[in-house]
Number of protein chains: 2
Amino acid sequence: MATPAATLAEKHDGDFQVAADRDQLRLWLRMLSCTMVIDKKLRAMLAAEFGTTLPRFDVLAALERAPAGLGMGQLSRALLVSNGNITALVQALVREGQVETLPSPVDRRASVVRLTPAGAEAFRAQAGRHHGMIADLFAGLDASEAQTLYRMLGRVKMSIAASGAEP
Amino acid sequence: MATPAATLAEKHDGDFQVAADRDQLRLWLRMLSCTMVIDKKLRAMLAAEFGTTLPRFDVLAALERAPAGLGMGQLSRALLVSNGNITALVQALVREGQVETLPSPVDRRASVVRLTPAGAEAFRAQAGRHHGMIADLFAGLDASEAQTLYRMLGRVKMSIAASGAEP
DNA sequence: GGTCGATACTTCAAGCCTAAACTAATTCGG
DNA sequence: CCGAATTAGTTTAGGCTTGAAGTATCGACC
């Protein structure tokens with residue numbers, strides 16, 4: 001059993017810690033909730049207006065920035081999803097004619113995925129709505145607020161990297 | 001064709017608009033990326049240390065706040081997931097003995113889901129690590145930064161609500 | 001009291017996602 | 001040159017998620 005003074009100090013430390021923990025939890029839950037709401041709206045829009053999905057849109061977006069095409073592995077690293085996932089995604093897009101795969105001329109294991117003209121056109125339409133929707137959803141923030149938020153998220157990135165993190 | 005002056009004005013408006021769009025897109029992508037990284041770390045921790053998943057943890061968390069138990073519908077509304085999803089989640093947790101379902105005494109359609117003692121204990125351990133991990137990941141932000149971020153996310157919430165939004 | 005529209009829940013099909021196991025091709029060290 | 005380690009990609013088993021269709025019950029109104 002600690003002395004009364006030590007007990008008091010301990011109790012206060014504990015209180016502070018618990019309060020900080022709760023605040024961080026609330027912060028995380030708010031961040032998660034905001035992100036999820038926007039994410040769901042984007043997915044719903046893509047489904048309703050284009051009959052597609054966010055992962056497929058992401059594939060098109062990555063390919064649009066690489067006119068020469070990307071390998072499956074490059075694609076999976078760019079989108080932060082697993083290798084096996086890309087296979088199915090690309091196969092679906094090939095069936096829909098938005099993407100085509102060519103055997104790599106330099107590596108018989110690898111293949112190169114490229115947008116078809118139809119895919120490029122579909123992407124342009126989808127990207128327009130996508131960006132427009134984001135602009136709408138963030139329209140209530142003025143430029144300075146947006147910048148502050150951007151900076152704070154940068155701090156979060158740094159904090160994550162500084163934490164005991166080994167991905 | 002517009003007059004030179006009109007063309008110029010138009011061009012500048014367009015530039016501003018495009019610049020704002022790009023900034024908002026970057027903001028969104030950073031927000032999504034931060035959230036996804038944290039989310040993945042939490043899922044990986046729950047899988048590695050407890051052999052469970054975030055959705056199951058969420059179910060336990062909701063039930064822990066309702067000692068009398070919750071109906072399936074209440075649960076699905078609390079977690080913002082579909083009805084059919086809860087069924088599978090609860091069935092899995094029942095198999096694992098962390099949760100039990102009782103027929104509602106007042107409504108023969110409904111059932112009440114409650115934590116078992118084993119589930120309550122598992123949840124306490126998981127919640128401790130969950131909160132601790134969040135504290136770690138946000139440790140690089142001081143109290144004022146955390147508050148600023150929290151406030152900005154509140155602004156985002158308001159902006160979303162104000163936009164042409166019908167969930 | 002009977003019927004009809006809500007409500008509680010389950011089932012099913014389809015898509016996304018991952019980790020792990022596998023095949024095939026490449027590259028590098030000796 | 002040849003075997004070992006690496007790398008590209010696919011397959012598979014398992015879990016999450018939704019939306020739609022289906023079943024049973026409830027409640028309210030005629």
# chains A, B, ... in the order shown; residues from 1 in each chain; ligands from 1
>>> select_by_dssp(residues="segment 49-138 of chain B", states="helix (DSSP H, G or I)", output="ChimeraX atom specification")
/B:49-50,54-64,72-79,83-95,117-137
>>> calpha_fit_rmsd(fixed="chain A", moving="chain B")
0.2 Å
>>> atom_distance(atom1="atom CA of Leu89 of chain A", atom2="atom CA of Lys41 of chain A")
21.0 Å
>>> interface_residues(of="chain D", to="chain A", cutoff="8 Å", atoms="only C-alpha atoms (C1' of nucleotides)", output="VMD selection string")
chain D and resid 8 to 10
>>> residues_around(residues="DA6 of chain C", least_positions_apart="6", cutoff="12 Å", atoms="only C-alpha atoms (C1' of nucleotides)", output="list of chain:residue names")
D:DT25, D:DC26, D:DG27, D:DA28
